[in-house]
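Source file my_file02.pdb; content: PDB, C-alpha atoms.
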ATOM      1  CA  MET A  12      -5.581   6.459 -19.254
ATOM      2  CA  SER A  13      -8.781   4.550 -18.566
ATOM      3  CA  ALA A  14      -9.105   5.886 -15.017
ATOM      4  CA  ARG A  15      -7.745   8.631 -12.814
ATOM      5  CA  ALA A  16      -5.335   7.501 -10.146
ATOM      6  CA  ILE A  17      -6.589   7.270  -6.554
ATOM      7  CA  SER A  18      -3.861   7.825  -3.969
ATOM      8  CA  THR A  19      -6.205   7.522  -0.966
ATOM      9  CA  ALA A  20      -9.837   6.755  -0.142
ATOM     10  CA  GLU A  21      -9.795   8.956   2.950
ATOM     11  CA  GLY A  22     -12.691  11.375   2.633
ATOM     12  CA  LEU A  23     -14.464   9.030   0.215
ATOM     13  CA  VAL A  24     -15.453   6.398   2.792
ATOM     14  CA  ASN A  25     -17.823   7.096   5.690
ATOM     15  CA  ALA A  26     -16.275   4.613   8.133
ATOM     16  CA  PRO A  27     -13.374   4.643  10.609
ATOM     17  CA  LEU A  28      -9.948   4.099   9.054
ATOM     18  CA  LEU A  29      -8.203   1.329  11.002
ATOM     19  CA  TYR A  30      -4.999   0.892   9.014
ATOM     20  CA  LYS A  31      -3.281   2.557   6.085
ATOM     21  CA  GLY A  32      -0.691   0.399   4.381
ATOM     22  CA  LYS A  33       1.514   1.208   1.426
ATOM     23  CA  VAL A  34      -1.329   0.338  -0.970
ATOM     24  CA  ARG A  35      -4.387  -0.854   0.980
ATOM     25  CA  GLU A  36      -6.605   0.971   3.429
ATOM     26  CA  LEU A  37      -8.671  -0.905   6.006
ATOM     27  CA  TYR A  38     -11.967   0.529   7.282
ATOM     28  CA  ASP A  39     -14.176  -0.740  10.087
ATOM     29  CA  LEU A  40     -17.770  -1.588   9.134
ATOM     30  CA  GLY A  41     -18.604  -3.162  12.477
ATOM     31  CA  GLU A  42     -19.214  -6.813  11.649
ATOM     32  CA  HIS A  43     -16.887  -6.676   8.653
ATOM     33  CA  TYR A  44     -13.863  -4.871   7.265
ATOM     34  CA  LEU A  45     -13.823  -2.773   4.111
ATOM     35  CA  ILE A  46     -10.582  -2.970   2.137
ATOM     36  CA  VAL A  47     -10.003  -0.217  -0.410
ATOM     37  CA  VAL A  48      -7.097  -0.772  -2.799
ATOM     38  CA  THR A  49      -5.500   2.489  -3.882
ATOM     39  CA  ASP A  50      -3.221   3.178  -6.845
ATOM     40  CA  ARG A  51      -0.236   3.970  -4.628
ATOM     41  CA  ILE A  52       2.960   2.238  -5.653
ATOM     42  CA  SER A  53       6.014   1.458  -3.562
ATOM     43  CA  ALA A  54       9.545   0.337  -4.321
ATOM     44  CA  PHE A  55      12.624  -0.051  -2.134
ATOM     45  CA  ASP A  56      10.407   0.684   0.920
ATOM     46  CA  TYR A  57       9.292   4.102  -0.361
ATOM     47  CA  VAL A  58       5.786   5.053  -1.464
ATOM     48  CA  LEU A  59       6.295   6.847  -4.765
ATOM     49  CA  GLU A  60       4.597   9.699  -6.566
ATOM     50  CA  PRO A  61       2.481   9.823  -8.594
ATOM     51  CA  ALA A  62       0.030   6.958  -8.122
ATOM     52  CA  VAL A  63      -0.416   4.542 -11.054
ATOM     53  CA  PRO A  64      -3.853   4.637 -12.728
ATOM     54  CA  ASP A  65      -5.813   1.350 -12.574
ATOM     55  CA  LYS A  66      -3.227  -0.395 -10.370
ATOM     56  CA  GLY A  67      -5.620  -0.690  -7.439
ATOM     57  CA  ASN A  68      -8.455  -1.792  -9.710
ATOM     58  CA  VAL A  69      -6.274  -4.592 -11.076
ATOM     59  CA  LEU A  70      -5.077  -5.746  -7.653
ATOM     60  CA  ASN A  71      -8.592  -5.860  -6.248
ATOM     61  CA  ARG A  72     -10.283  -7.455  -9.264
ATOM     62  CA  LEU A  73      -7.494  -9.999  -9.675
ATOM     63  CA  SER A  74      -7.684 -10.955  -5.993
ATOM     64  CA  ALA A  75     -11.456 -11.333  -6.308
ATOM     65  CA  PHE A  76     -10.938 -13.512  -9.392
ATOM     66  CA  TRP A  77      -8.443 -15.789  -7.624
ATOM     67  CA  PHE A  78     -10.486 -16.013  -4.428
ATOM     68  CA  GLU A  79     -13.366 -17.275  -6.554
ATOM     69  CA  GLN A  80     -11.154 -19.693  -8.508
ATOM     70  CA  THR A  81      -9.668 -21.188  -5.336
ATOM     71  CA  ALA A  82     -12.823 -21.203  -3.196
ATOM     72  CA  GLU A  83     -13.187 -24.984  -3.422
ATOM     73  CA  LEU A  84      -9.577 -25.445  -2.323
ATOM     74  CA  MET A  85      -9.574 -22.990   0.565
ATOM     75  CA  GLU A  86     -12.135 -20.832   2.323
ATOM     76  CA  ASN A  87     -11.357 -17.122   2.196
ATOM     77  CA  HIS A  88     -12.396 -13.886   3.857
ATOM     78  CA  VAL A  89     -14.426 -12.325   1.025
ATOM     79  CA  VAL A  90     -18.014 -11.278   1.736
ATOM     80  CA  HIS A  91     -18.580  -9.273  -1.456
ATOM     81  CA  THR A  92     -17.013  -6.706  -3.806
ATOM     82  CA  ASP A  93     -20.203  -4.786  -4.687
ATOM     83  CA  VAL A  94     -20.035  -1.066  -3.977
ATOM     84  CA  GLU A  95     -23.833  -0.880  -4.301
ATOM     85  CA  LEU A  96     -24.233  -3.002  -1.154
ATOM     86  CA  LEU A  97     -22.308  -0.506   0.980
ATOM     87  CA  GLY A  98     -25.215   1.902   1.431
ATOM     88  CA  ASP A  99     -24.202   5.298   2.777
ATOM     89  CA  VAL A 100     -20.673   4.094   3.605
ATOM     90  CA  ILE A 101     -19.837   5.367   0.126
ATOM     91  CA  SER A 102     -21.864   8.234  -1.307
ATOM     92  CA  GLU A 103     -23.424   8.067  -4.771
ATOM     93  CA  GLU A 104     -20.899  10.562  -6.126
ATOM     94  CA  ASN A 105     -17.979   8.377  -5.018
ATOM     95  CA  LYS A 106     -19.297   4.958  -6.053
ATOM     96  CA  ASP A 107     -17.887   5.031  -9.570
ATOM     97  CA  VAL A 108     -14.495   6.134  -8.244
ATOM     98  CA  LEU A 109     -14.291   3.170  -5.854
ATOM     99  CA  ARG A 110     -16.374   0.604  -7.757
ATOM    100  CA  LYS A 111     -13.596  -1.802  -8.746
ATOM    101  CA  ARG A 112     -11.347  -1.288  -5.730
ATOM    102  CA  VAL A 113     -13.517  -2.321  -2.741
ATOM    103  CA  MET A 114     -13.682  -5.662  -0.938
ATOM    104  CA  VAL A 115     -15.809  -6.352   2.139
ATOM    105  CA  THR A 116     -14.323  -9.120   4.243
ATOM    106  CA  ARG A 117     -14.902 -11.096   7.386
ATOM    107  CA  LYS A 118     -12.766 -10.148  10.348
ATOM    108  CA  ALA A 119     -10.006 -12.696  10.803
ATOM    109  CA  GLN A 120      -7.151 -12.897  13.256
ATOM    110  CA  ARG A 121      -4.106 -12.491  11.033
ATOM    111  CA  ILE A 122      -1.344 -15.052  11.374
ATOM    112  CA  ASP A 123       1.894 -13.076  11.367
ATOM    113  CA  ILE A 124       3.639 -15.335   8.879
ATOM    114  CA  GLU A 125       4.127 -14.543   5.224
ATOM    115  CA  CYS A 126       3.720 -17.858   3.435
ATOM    116  CA  VAL A 127       6.099 -17.812   0.469
ATOM    117  CA  VAL A 128       6.217 -20.563  -2.152
ATOM    118  CA  ARG A 129       9.057 -20.636  -4.676
ATOM    119  CA  GLY A 130       8.939 -22.657  -7.852
ATOM    120  CA  TYR A 131      12.083 -21.131  -9.368
ATOM    121  CA  VAL A 132      15.487 -20.000  -8.079
ATOM    122  CA  THR A 133      15.286 -16.254  -8.526
ATOM    123  CA  GLY A 134      15.308 -12.963  -6.647
ATOM    124  CA  GLY A 135      16.234 -13.217  -2.988
ATOM    125  CA  GLY A 136      16.154 -17.008  -3.220
ATOM    126  CA  TRP A 137      18.866 -16.953  -5.886
ATOM    127  CA  ARG A 138      21.019 -14.685  -3.722
ATOM    128  CA  GLN A 139      20.684 -17.120  -0.816
ATOM    129  CA  TYR A 140      21.469 -20.105  -3.043
ATOM    130  CA  GLN A 141      24.638 -18.457  -4.343
ATOM    131  CA  LYS A 142      25.935 -18.111  -0.793
ATOM    132  CA  ASN A 143      25.368 -21.592   0.588
ATOM    133  CA  GLY A 144      23.299 -23.723  -1.799
ATOM    134  CA  LYS A 145      20.213 -23.269   0.374
ATOM    135  CA  ILE A 146      17.038 -21.167   0.537
ATOM    136  CA  ASN A 147      15.645 -20.582   4.026
ATOM    137  CA  GLY A 148      17.775 -23.475   5.238
ATOM    138  CA  ILE A 149      16.457 -25.875   2.581
ATOM    139  CA  SER A 150      19.329 -27.608   0.740
ATOM    140  CA  LEU A 151      18.954 -27.564  -3.030
ATOM    141  CA  PRO A 152      20.718 -29.471  -5.840
ATOM    142  CA  GLU A 153      24.124 -28.195  -6.897
ATOM    143  CA  GLY A 154      24.622 -26.429 -10.195
ATOM    144  CA  LEU A 155      21.311 -24.606 -10.427
ATOM    145  CA  ARG A 156      21.332 -21.518 -12.594
ATOM    146  CA  MET A 157      19.519 -18.260 -11.947
ATOM    147  CA  ASN A 158      15.811 -18.732 -12.834
ATOM    148  CA  ASP A 159      16.047 -22.537 -12.950
ATOM    149  CA  GLN A 160      12.839 -24.333 -12.082
ATOM    150  CA  LEU A 161      13.125 -26.262  -8.843
ATOM    151  CA  PRO A 162      12.507 -30.028  -8.866
ATOM    152  CA  GLU A 163       9.553 -29.328  -6.547
ATOM    153  CA  PRO A 164       8.186 -26.033  -5.204
ATOM    154  CA  ILE A 165       9.504 -25.131  -1.749
ATOM    155  CA  PHE A 166       7.845 -23.371   1.171
ATOM    156  CA  THR A 167      10.000 -20.531   2.540
ATOM    157  CA  PRO A 168       8.121 -18.564   5.214
ATOM    158  CA  ALA A 169       8.909 -15.131   6.571
ATOM    159  CA  ALA A 170       7.971 -13.514   9.872
ATOM    160  CA  LYS A 171       5.877 -10.426   9.182
ATOM    161  CA  ASN A 172       7.173  -7.084  10.396
ATOM    162  CA  ASP A 173       4.891  -4.056  10.234
ATOM    163  CA  VAL A 174       7.995  -1.873   9.982
ATOM    164  CA  GLY A 175      10.834  -2.714   7.588
ATOM    165  CA  HIS A 176      11.370  -5.965   5.733
ATOM    166  CA  ASP A 177       9.839  -9.300   6.631
ATOM    167  CA  GLU A 178      12.382 -11.744   8.064
ATOM    168  CA  ASP A 179      13.076 -15.055   6.295
ATOM    169  CA  ILE A 180      12.758 -17.927   8.758
ATOM    170  CA  SER A 181      13.042 -21.703   8.615
ATOM    171  CA  PHE A 182      10.026 -23.960   8.901
ATOM    172  CA  GLU A 183      11.291 -25.030  12.318
ATOM    173  CA  VAL A 184      11.347 -21.439  13.596
ATOM    174  CA  MET A 185       7.877 -20.901  12.140
ATOM    175  CA  ALA A 186       6.628 -23.992  13.991
ATOM    176  CA  GLU A 187       8.017 -22.572  17.225
ATOM    177  CA  LYS A 188       6.080 -19.352  16.611
ATOM    178  CA  VAL A 189       2.672 -20.787  15.645
ATOM    179  CA  GLY A 190       2.800 -24.448  16.675
ATOM    180  CA  VAL A 191       3.640 -27.532  14.620
ATOM    181  CA  GLU A 192       0.080 -28.380  13.589
ATOM    182  CA  LEU A 193      -0.729 -24.897  12.273
ATOM    183  CA  ALA A 194       2.692 -24.615  10.618
ATOM    184  CA  GLU A 195       2.082 -27.830   8.691
ATOM    185  CA  GLN A 196      -1.361 -26.623   7.677
ATOM    186  CA  LEU A 197       0.065 -23.356   6.382
ATOM    187  CA  ARG A 198       2.802 -25.133   4.432
ATOM    188  CA  ASN A 199       0.467 -27.708   2.883
ATOM    189  CA  ARG A 200      -2.230 -25.214   1.915
ATOM    190  CA  SER A 201       0.325 -22.778   0.478
ATOM    191  CA  LEU A 202       1.908 -25.461  -1.722
ATOM    192  CA  GLU A 203      -1.520 -26.648  -2.855
ATOM    193  CA  LEU A 204      -2.653 -23.128  -3.781
ATOM    194  CA  TYR A 205       0.597 -22.388  -5.609
ATOM    195  CA  ALA A 206       0.301 -25.586  -7.656
ATOM    196  CA  PHE A 207      -3.247 -24.681  -8.653
ATOM    197  CA  ALA A 208      -2.326 -21.156  -9.735
ATOM    198  CA  ARG A 209       0.881 -22.309 -11.467
ATOM    199  CA  ASP A 210      -1.070 -24.763 -13.618
ATOM    200  CA  PHE A 211      -3.769 -22.180 -14.308
ATOM    201  CA  CYS A 212      -1.180 -19.626 -15.451
ATOM    202  CA  GLU A 213       0.689 -22.220 -17.519
ATOM    203  CA  LYS A 214      -2.358 -22.555 -19.762
ATOM    204  CA  ARG A 215      -2.157 -18.808 -20.384
ATOM    205  CA  ASP A 216       1.562 -18.842 -21.255
ATOM    206  CA  ILE A 217       2.487 -17.268 -17.928
ATOM    207  CA  ILE A 218       5.046 -18.639 -15.467
ATOM    208  CA  LEU A 219       4.208 -18.177 -11.795
ATOM    209  CA  ALA A 220       7.734 -18.103 -10.391
ATOM    210  CA  ASP A 221       6.808 -17.529  -6.760
ATOM    211  CA  CYS A 222       4.101 -16.087  -4.552
ATOM    212  CA  LYS A 223       3.329 -14.958  -1.032
ATOM    213  CA  LEU A 224       0.083 -15.801   0.733
ATOM    214  CA  GLU A 225      -1.466 -14.692   3.990
ATOM    215  CA  PHE A 226      -3.808 -16.584   6.260
ATOM    216  CA  GLY A 227      -5.988 -15.851   9.259
ATOM    217  CA  LEU A 228      -8.200 -17.595  11.760
ATOM    218  CA  ILE A 229     -11.930 -17.214  12.329
ATOM    219  CA  ASP A 230     -13.288 -19.258  15.222
ATOM    220  CA  GLY A 231     -10.191 -21.451  14.968
ATOM    221  CA  GLU A 232     -10.685 -22.141  11.252
ATOM    222  CA  LEU A 233      -7.854 -21.365   8.851
ATOM    223  CA  ILE A 234      -8.853 -19.088   5.954
ATOM    224  CA  LEU A 235      -7.115 -17.227   3.149
ATOM    225  CA  ILE A 236      -6.939 -13.433   3.546
ATOM    226  CA  ASP A 237      -5.397 -10.241   2.139
ATOM    227  CA  GLU A 238      -4.551 -10.497  -1.590
ATOM    228  CA  ILE A 239      -3.819 -13.554  -3.690
ATOM    229  CA  PHE A 240      -1.786 -14.093  -6.885
ATOM    230  CA  THR A 241      -1.565 -10.409  -7.811
ATOM    231  CA  PRO A 242       1.466  -8.697  -9.377
ATOM    232  CA  ASP A 243       2.242  -7.216  -5.941
ATOM    233  CA  ALA A 244       2.213 -10.630  -4.234
ATOM    234  CA  SER A 245       3.570 -12.882  -6.981
ATOM    235  CA  ARG A 246       6.290 -12.968  -9.605
ATOM    236  CA  PHE A 247       4.823 -13.512 -13.065
ATOM    237  CA  TRP A 248       6.919 -14.057 -16.168
ATOM    238  CA  ALA A 249       5.618 -14.124 -19.702
ATOM    239  CA  LYS A 250       6.649 -17.547 -21.018
ATOM    240  CA  GLU A 251       8.128 -15.989 -24.148
ATOM    241  CA  LYS A 252      10.562 -13.958 -21.991
ATOM    242  CA  TYR A 253      11.794 -16.843 -19.850
ATOM    243  CA  ALA A 254      15.576 -17.306 -19.858
ATOM    244  CA  LEU A 255      18.333 -18.575 -17.562
ATOM    245  CA  GLY A 256      21.088 -16.473 -16.042
ATOM    246  CA  VAL A 257      19.496 -13.068 -16.703
ATOM    247  CA  ASP A 258      17.066 -10.722 -14.957
ATOM    248  CA  ILE A 259      13.690 -11.553 -16.488
ATOM    249  CA  ASP A 260      11.410  -8.589 -17.122
ATOM    250  CA  SER A 261       8.527  -9.557 -14.824
ATOM    251  CA  MET A 262       4.900  -8.596 -15.393
ATOM    252  CA  ASP A 263       4.522  -6.068 -12.585
ATOM    253  CA  LYS A 264       6.142  -2.782 -11.476
ATOM    254  CA  GLU A 265       9.436  -3.682 -13.154
ATOM    255  CA  PRO A 266       9.492  -0.375 -15.105
ATOM    256  CA  VAL A 267       9.534   1.495 -11.779
ATOM    257  CA  ARG A 268      12.304  -0.648 -10.292
ATOM    258  CA  ASN A 269      14.386  -0.365 -13.459
ATOM    259  CA  TYR A 270      13.977   3.392 -13.604
ATOM    260  CA  LEU A 271      14.998   3.873  -9.976
ATOM    261  CA  ALA A 272      17.889   1.409 -10.227
ATOM    262  CA  HIS A 273      19.374   3.304 -13.182
ATOM    263  CA  SER A 274      18.670   6.819 -11.897
ATOM    264  CA  ASP A 275      20.922   8.931  -9.689
ATOM    265  CA  TRP A 276      18.585   8.451  -6.687
ATOM    266  CA  ASP A 277      20.601   7.934  -3.484
ATOM    267  CA  LYS A 278      18.191   5.268  -2.084
ATOM    268  CA  ASN A 279      18.201   7.062   1.275
ATOM    269  CA  SER A 280      15.645   9.784   0.621
ATOM    270  CA  GLN A 281      12.223  10.159  -0.968
ATOM    271  CA  PRO A 282      12.654   9.736  -4.751
ATOM    272  CA  ASP A 283      11.587  12.454  -7.165
ATOM    273  CA  PRO A 284       8.240  11.935  -8.927
ATOM    274  CA  LEU A 285       8.231   9.199 -11.554
ATOM    275  CA  PRO A 286       8.268  10.254 -15.220
ATOM    276  CA  THR A 287       4.954   9.984 -17.051
ATOM    277  CA  SER A 288       6.376   7.343 -19.398
ATOM    278  CA  VAL A 289       7.275   5.069 -16.465
ATOM    279  CA  VAL A 290       3.838   5.526 -14.882
ATOM    280  CA  ASP A 291       2.092   4.791 -18.189
ATOM    281  CA  GLU A 292       4.133   1.647 -18.857
ATOM    282  CA  THR A 293       3.533   0.377 -15.315
ATOM    283  CA  SER A 294      -0.209   0.955 -15.620
ATOM    284  CA  HIS A 295      -0.159  -0.969 -18.899
ATOM    285  CA  ARG A 296       1.705  -3.875 -17.246
ATOM    286  CA  TYR A 297      -0.933  -4.219 -14.530
ATOM    287  CA  ARG A 298      -3.833  -4.142 -16.985
ATOM    288  CA  GLU A 299      -2.064  -6.659 -19.224
ATOM    289  CA  ILE A 300      -1.544  -9.258 -16.479
ATOM    290  CA  TYR A 301      -5.183  -8.902 -15.464
ATOM    291  CA  SER A 302      -6.456  -9.522 -18.987
ATOM    292  CA  ARG A 303      -4.049 -12.414 -19.623
ATOM    293  CA  ILE A 304      -5.014 -14.216 -16.436
ATOM    294  CA  SER A 305      -8.742 -13.463 -16.255
ATOM    295  CA  GLY A 306      -9.499 -13.351 -19.973
ATOM    296  CA  GLN A 307     -11.358 -10.078 -19.346
ATOM    297  CA  GLN A 308     -10.668  -6.415 -19.871
ATOM    298  CA  LEU A 309     -10.633  -4.217 -16.799
TER     299      LEU A 309
END
Hey, can you dump this file as structure tokens for me?
Amino acid sequence: MSARAISTAEGLVNAPLLYKGKVRELYDLGEHYLIVVTDRISAFDYVLEPAVPDKGNVLNRLSAFWFEQTAELMENHVVHTDVELLGDVISEENKDVLRKRVMVTRKAQRIDIECVVRGYVTGGGWRQYQKNGKINGISLPEGLRMNDQLPEPIFTPAAKNDVGHDEDISFEVMAEKVGVELAEQLRNRSLELYAFARDFCEKRDIILADCKLEFGLIDGELILIDEIFTPDASRFWAKEKYALGVDIDSMDKEPVRNYLAHSDWDKNSQPDPLPTSVVDETSHRYREIYSRISGQQL
């Protein structure tokens, strides 16, 4: 392994911890936030053991890459990703540990809508389509097969829940929650960002099947926040593996999902630790998608 896994930054950061998510930790720097991306991995709503080496590095560096690539399309929350600029917030002995997994950001008011764009009929969208020919209330052509590309990408928002699953909602319900003008802004910017990333990935023989984006407001201005076009927030397929009517092996934590799905785990209790082979393969997947998209090694 190229790096030891980091399951938490608590004790490594000299700042108040505001929020600890399944993967990210948010610290208060006063004027700004510090986001530290750990190597924790979750599946089926459980945080699993052990952590996956380099996962957090990939998520953070890939987000930084995409924020830079899309900066002309949409302003974002990034201030910098340089551990050396953090002073005594991170001690000298801990800088190398956290070097690739920190992001200092502006403080935005999060909009509690997960902005999902789907370019293909797959996953939860496919399950909805099978039932009634619609996804999030949007009628689609008849006869689509699993993994078919849609005639045009569709915007399928979800209401964010801090506990449990996010709730799929129609655009009309979203507009009732945030107002028509902001809802239209979120839809238009999400579709524009997806199209940019889809075309970028296409040149690298990667299919961006769908993605989820998050936005916030600073002084009334809409900006892009959180993570963007990472394996945890997008569904990437290697073009050479694309097929209709089958589960495509996506370029993310698929080895973990497959292992759990075919194990004797009861899905109602904390799973046993993951085998080393599954952890190693998952770590490899994350590093591979980073190098294929960015053209760089981690």
### Task
Carefully work through the PyMOL selection byres ((chain A and resi 297) around 8) for this structure and note down the residues it includes, as a list in words.
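Applied to this file, the PyMOL selection byres ((chain A and resi 297) around 8) returns Asp65, Lys66, Val69, Pro242, Met262, Asp263, Lys264, Thr293, Ser294, His295, Arg296, Arg298, Glu299, Ile300 and Tyr301 of chain A.
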Can I get the selected residues back with C-alpha atoms, as a compact mmCIF listing (two decimals), keeping the file's coordinate frame?
# COMPACT_ATOMS: atom_id res chain seq x y z
CA ASP A 65 -5.81 1.35 -12.57
CA LYS A 66 -3.23 -0.40 -10.37
CA VAL A 69 -6.27 -4.59 -11.08
CA PRO A 242 1.47 -8.70 -9.38
CA MET A 262 4.90 -8.60 -15.39
CA ASP A 263 4.52 -6.07 -12.58
CA LYS A 264 6.14 -2.78 -11.48
CA THR A 293 3.53 0.38 -15.32
CA SER A 294 -0.21 0.96 -15.62
CA HIS A 295 -0.16 -0.97 -18.90
CA ARG A 296 1.70 -3.88 -17.25
CA ARG A 298 -3.83 -4.14 -16.98
CA GLU A 299 -2.06 -6.66 -19.22
CA ILE A 300 -1.54 -9.26 -16.48
CA TYR A 301 -5.18 -8.90 -15.46
### Message
Set the distance at 8 Å and use all atoms listed in the file: which residues neighbour range 26-28 of chain A once local chain neighbours fewer than 5 positions away are removed? I'd like the list as a ChimeraX atom specification.
### Response
/A:21,36-40,100
### Query
Taking (-1.6, -0.6, -2.6) in the file's coordinates as the center, which residues reach within 7 Å of it, counting only C-alpha atoms, put as JSON, numbers by chain?
{"A": [33, 34, 35, 48, 49, 50, 51, 52, 67]}
### Selection dump of the PyMOL selection byres ((chain A and resi 97) around 12), as a PyMOL selection string
chain A and resi 24-26+40+43-45+90-96+98-103+105-106+109-110+113-115
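Restricting the calculation to only C-alpha atoms, the smallest distance between Asp283 in chain A and any of A:Ile46, A:Leu271, A:Leu197, A:Ile217 is found for A:Leu271.
Proximity to Arg129 in chain A was assessed for A:Asn172, A:Gly32, A:Gly148, A:Arg246 counting all atoms listed in the file; the smallest distance is recorded for A:Arg246.
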#### Entry: Residue list as a list in words for point (-9.7, -16.8, -19.3), cut-off 10 Å, only C-alpha atoms
Phe211, Cys212, Lys214, Arg215, Tyr301, Ser302, Arg303, Ile304, Ser305, Gly306 and Gln307 of chain A
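Candidate residues A:Ile229, A:Ala170, A:Met157, A:Val63 were compared for distance to Lys118 in chain A, and the nearest is A:Ile229, using all atoms listed in the file.
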Residue by residue, what does the PyMOL selection byres ((chain A and resi 198) around 12) grab here? Present the result as a short mmCIF file (atom, residue, chain, number, x, y, z; two decimals) with C-alpha atoms, in the coordinates of the input.
data_model
loop_
_atom_site.label_atom_id
_atom_site.label_comp_id
_atom_site.auth_asym_id
_atom_site.auth_seq_id
_atom_site.Cartn_x
_atom_site.Cartn_y
_atom_site.Cartn_z
CA ILE A 124 3.64 -15.34 8.88
CA GLU A 125 4.13 -14.54 5.22
CA CYS A 126 3.72 -17.86 3.44
CA VAL A 127 6.10 -17.81 0.47
CA VAL A 128 6.22 -20.56 -2.15
CA ARG A 129 9.06 -20.64 -4.68
CA PRO A 164 8.19 -26.03 -5.20
CA ILE A 165 9.50 -25.13 -1.75
CA PHE A 166 7.84 -23.37 1.17
CA THR A 167 10.00 -20.53 2.54
CA PRO A 168 8.12 -18.56 5.21
CA ALA A 169 8.91 -15.13 6.57
CA SER A 181 13.04 -21.70 8.62
CA PHE A 182 10.03 -23.96 8.90
CA GLU A 183 11.29 -25.03 12.32
CA MET A 185 7.88 -20.90 12.14
CA ALA A 186 6.63 -23.99 13.99
CA VAL A 191 3.64 -27.53 14.62
CA GLU A 192 0.08 -28.38 13.59
CA LEU A 193 -0.73 -24.90 12.27
CA ALA A 194 2.69 -24.62 10.62
CA GLU A 195 2.08 -27.83 8.69
CA GLN A 196 -1.36 -26.62 7.68
CA LEU A 197 0.06 -23.36 6.38
CA ASN A 199 0.47 -27.71 2.88
CA ARG A 200 -2.23 -25.21 1.92
CA SER A 201 0.32 -22.78 0.48
CA LEU A 202 1.91 -25.46 -1.72
CA GLU A 203 -1.52 -26.65 -2.86
CA LEU A 204 -2.65 -23.13 -3.78
CA TYR A 205 0.60 -22.39 -5.61
CA LYS A 223 3.33 -14.96 -1.03
CA LEU A 224 0.08 -15.80 0.73
CA GLU A 225 -1.47 -14.69 3.99
CA PHE A 226 -3.81 -16.58 6.26
#
Determine the axis-aligned bounding box of all atoms of range 147-150 of chain A present in the file, pad each side by 4 Å, and express its centre and edge lengths in Å to one decimal place as AutoDock Vina command-line options.
--center_x 17.5 --center_y -24.1 --center_z 3.0 --size_x 11.7 --size_y 15.0 --size_z 12.5
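Take CA of Val184 in chain A and CA of Phe78 in chain A: the distance between them is 28.8 Å.
One distance worth recording is that between CA of Arg209 in chain A and CA of Phe55 in chain A, which is 26.8 Å.
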